[in-house]
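Asks: Got a structure for you, run_9.pdb, holding PDB, C-alpha atoms.
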ATOM      1  CA  MET L 137    -214.151 267.345  85.255
ATOM      2  CA  ASN L 138    -213.735 263.710  86.151
ATOM      3  CA  PRO L 139    -212.167 261.742  83.251
ATOM      4  CA  HIS L 140    -214.512 258.837  83.951
ATOM      5  CA  SER L 141    -217.431 261.065  83.030
ATOM      6  CA  ILE L 142    -215.648 261.856  79.758
ATOM      7  CA  ALA L 143    -216.276 258.295  78.697
ATOM      8  CA  LYS L 144    -220.031 258.684  79.032
ATOM      9  CA  ALA L 145    -220.561 262.320  78.115
ATOM     10  CA  ASN L 146    -221.285 263.901  74.779
ATOM     11  CA  TRP L 147    -217.765 264.579  73.515
ATOM     12  CA  ALA L 148    -218.523 268.020  72.091
ATOM     13  CA  ASN L 149    -219.779 269.190  75.477
ATOM     14  CA  VAL L 150    -216.734 267.736  77.176
ATOM     15  CA  ALA L 151    -214.446 269.543  74.761
ATOM     16  CA  ARG L 152    -216.122 272.823  75.647
ATOM     17  CA  GLU L 153    -215.314 272.165  79.294
ATOM     18  CA  ILE L 154    -211.716 271.383  78.440
ATOM     19  CA  TYR L 155    -211.264 274.798  76.862
ATOM     20  CA  ASP L 156    -210.755 277.819  79.020
ATOM     21  CA  SER L 157    -213.434 280.259  77.856
ATOM     22  CA  ARG L 158    -211.233 283.331  78.396
ATOM     23  CA  ASN L 159    -208.304 282.495  76.154
ATOM     24  CA  LEU L 160    -209.268 279.202  74.490
ATOM     25  CA  SER L 161    -206.081 277.497  75.588
ATOM     26  CA  PRO L 162    -206.413 273.732  75.919
ATOM     27  CA  ILE L 163    -206.292 272.375  79.442
ATOM     28  CA  VAL L 164    -204.961 269.008  78.381
ATOM     29  CA  GLN L 165    -202.464 268.929  81.265
ATOM     30  CA  ALA L 166    -205.361 269.203  83.721
ATOM     31  CA  TYR L 167    -205.576 265.412  83.615
ATOM     32  CA  SER L 168    -202.927 263.298  85.279
ATOM     33  CA  ASP L 169    -201.639 260.132  83.671
ATOM     34  CA  ASP L 170    -203.453 258.158  86.367
ATOM     35  CA  GLN L 171    -206.775 259.830  85.554
ATOM     36  CA  ILE L 172    -206.416 259.112  81.850
ATOM     37  CA  LEU L 173    -205.335 255.529  82.436
ATOM     38  CA  GLY L 174    -208.253 255.086  84.857
ATOM     39  CA  ALA L 175    -210.709 256.010  82.114
ATOM     40  CA  LEU L 176    -208.987 253.538  79.789
ATOM     41  CA  PHE L 177    -209.069 250.814  82.464
ATOM     42  CA  ASP L 178    -212.824 251.338  82.752
ATOM     43  CA  LEU L 179    -213.188 250.922  78.993
ATOM     44  CA  PHE L 180    -210.991 247.821  78.814
ATOM     45  CA  ALA L 181    -212.804 246.270  81.794
ATOM     46  CA  GLY L 182    -216.193 246.839  80.139
ATOM     47  CA  ARG L 183    -217.420 249.344  82.744
ATOM     48  CA  THR L 184    -217.988 251.975  80.054
ATOM     49  CA  GLN L 185    -218.417 252.036  76.278
ATOM     50  CA  PHE L 186    -216.245 255.029  75.364
ATOM     51  CA  ALA L 187    -213.028 256.666  76.505
ATOM     52  CA  PHE L 188    -212.282 260.168  75.271
ATOM     53  CA  GLY L 189    -214.906 259.860  72.576
ATOM     54  CA  GLU L 190    -213.712 256.575  71.104
ATOM     55  CA  ALA L 191    -215.113 253.057  71.442
ATOM     56  CA  ILE L 192    -213.115 249.982  72.339
ATOM     57  CA  ASP L 193    -212.547 249.020  68.682
ATOM     58  CA  TRP L 194    -210.588 252.261  68.102
ATOM     59  CA  TRP L 195    -208.525 251.676  71.226
ATOM     60  CA  ALA L 196    -207.945 248.012  70.288
ATOM     61  CA  GLU L 197    -206.318 249.221  67.073
ATOM     62  CA  THR L 198    -204.141 251.473  69.226
ATOM     63  CA  LEU L 199    -202.954 248.405  71.121
ATOM     64  CA  GLN L 200    -201.440 247.298  67.818
ATOM     65  CA  CYS L 201    -199.419 250.519  67.579
ATOM     66  CA  ASP L 202    -195.892 250.674  66.267
ATOM     67  CA  LEU L 203    -194.147 249.109  69.233
ATOM     68  CA  ALA L 204    -190.855 247.411  68.502
ATOM     69  CA  PRO L 205    -191.173 243.611  68.466
ATOM     70  CA  GLU L 206    -189.206 243.250  71.723
ATOM     71  CA  THR L 207    -191.411 245.844  73.392
ATOM     72  CA  ALA L 208    -194.637 244.257  72.150
ATOM     73  CA  SER L 209    -193.463 240.841  73.298
ATOM     74  CA  GLY L 210    -192.931 242.314  76.761
ATOM     75  CA  VAL L 211    -196.582 243.356  76.856
ATOM     76  CA  ALA L 212    -197.621 239.845  75.806
ATOM     77  CA  LEU L 213    -195.339 238.317  78.421
ATOM     78  CA  VAL L 214    -196.943 240.340  81.215
ATOM     79  CA  ALA L 215    -200.424 239.453  79.967
ATOM     80  CA  LEU L 216    -199.751 235.753  79.607
ATOM     81  CA  SER L 217    -197.324 234.780  82.349
ATOM     82  CA  LYS L 218    -197.942 234.649  86.068
ATOM     83  CA  TRP L 219    -194.248 234.374  86.955
ATOM     84  CA  PRO L 220    -192.763 237.385  88.784
ATOM     85  CA  PHE L 221    -189.554 237.292  86.730
ATOM     86  CA  ASP L 222    -191.630 237.471  83.514
ATOM     87  CA  GLN L 223    -193.653 240.347  84.946
ATOM     88  CA  ARG L 224    -190.419 242.240  85.641
ATOM     89  CA  ALA L 225    -189.013 241.393  82.198
ATOM     90  CA  GLY L 226    -192.063 242.870  80.484
ATOM     91  CA  THR L 227    -192.240 246.169  82.363
ATOM     92  CA  ALA L 228    -190.521 248.156  79.600
ATOM     93  CA  GLY L 229    -193.097 246.943  77.085
ATOM     94  CA  VAL L 230    -195.992 247.814  79.374
ATOM     95  CA  LYS L 231    -194.515 251.268  80.002
ATOM     96  CA  ALA L 232    -194.118 251.857  76.254
ATOM     97  CA  LEU L 233    -197.731 250.836  75.638
ATOM     98  CA  GLN L 234    -198.969 253.083  78.457
ATOM     99  CA  ASP L 235    -197.008 255.979  76.959
ATOM    100  CA  GLU L 236    -198.632 255.373  73.561
ATOM    101  CA  LEU L 237    -202.118 255.202  75.069
ATOM    102  CA  LEU L 238    -201.532 258.400  77.063
ATOM    103  CA  LYS L 239    -200.199 260.167  73.978
ATOM    104  CA  ARG L 240    -203.261 259.170  71.950
ATOM    105  CA  ALA L 241    -205.717 260.128  74.702
ATOM    106  CA  ARG L 242    -204.105 263.553  75.047
ATOM    107  CA  MET L 243    -204.224 263.907  71.255
ATOM    108  CA  LEU L 244    -207.979 263.200  71.318
ATOM    109  CA  ILE L 245    -208.524 265.733  74.106
ATOM    110  CA  ASP L 246    -206.547 268.377  72.250
ATOM    111  CA  ARG L 247    -208.198 267.631  68.889
ATOM    112  CA  SER L 248    -211.663 267.907  70.398
ATOM    113  CA  ALA L 249    -210.796 271.156  72.107
ATOM    114  CA  ARG L 250    -209.548 272.621  68.815
ATOM    115  CA  ALA L 251    -212.708 271.461  67.030
ATOM    116  CA  VAL L 252    -214.818 273.339  69.564
ATOM    117  CA  GLU L 253    -212.730 276.450  68.978
ATOM    118  CA  GLU L 254    -213.458 276.248  65.243
ATOM    119  CA  VAL L 255    -217.193 275.855  65.870
ATOM    120  CA  THR L 256    -217.518 278.614  68.450
TER     121      THR L 256
END
Kindly return the structure encoded in the file as structure tokens.
Replies:
Amino acid sequence: MNPHSIAKANWANVAREIYDSRNLSPIVQAYSDDQILGALFDLFAGRTQFAFGEAIDWWAETLQCDLAPETASGVALVALSKWPFDQRAGTAGVKALQDELLKRARMLIDRSARAVEEVT
């Protein structure tokens, strides 16, 4: 299943597709980091209204996650500065934020898959 369609689909139906019907093991690893980030890019760019069952307001709260101040300032530096040396200086912050977003997306995928198991 294409992760971009996850953003638009009924999340319960998507969760059913994520689960392997034979042994009900989650197939969370079926999505690469790039696929997950692509779905989030679509949400942040306004090309879709949901990513992994959550609207932009939920994800905006995630952007305020528990990053260390130095790490968070690196994200701000990359967003605000056009200078190449600032872009390089902020890469650790951007990587930390990407890791948090990936972790939360995979958590949502896994949670939804478990919810389907309880219902079925």
Asks: Apply the PyMOL selection byres ((chain L and resi 172) around 9) to the file shown and report the selected residues as a PyMOL selection string.
Replies: chain L and resi 139-140+167-171+173-177+187-188+237-238+241-242
Asks: I need the output of the PyMOL selection byres ((chain L and resi 201) around 12) for this file as number ranges by chain; which residues are they?
Replies: L: 194-200, 202-205, 207-208, 229, 232-237, 239-240
Asks: Skip Glu206 of chain L itself and residues of its chain fewer than 4 positions away, then list as a ChimeraX atom specification all residues within 10 Å of it, counting only C-alpha atoms.
Replies: /L:210-212,226,228-229
Asks: Would you mind reading off the distance between atom CA of Gln223 of chain L and atom CA of Asp193 of chain L, one decimal, in Å?
Replies: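 Between atom CA of Gln223 of chain L and atom CA of Asp193 of chain L the gap is 26.4 Å.
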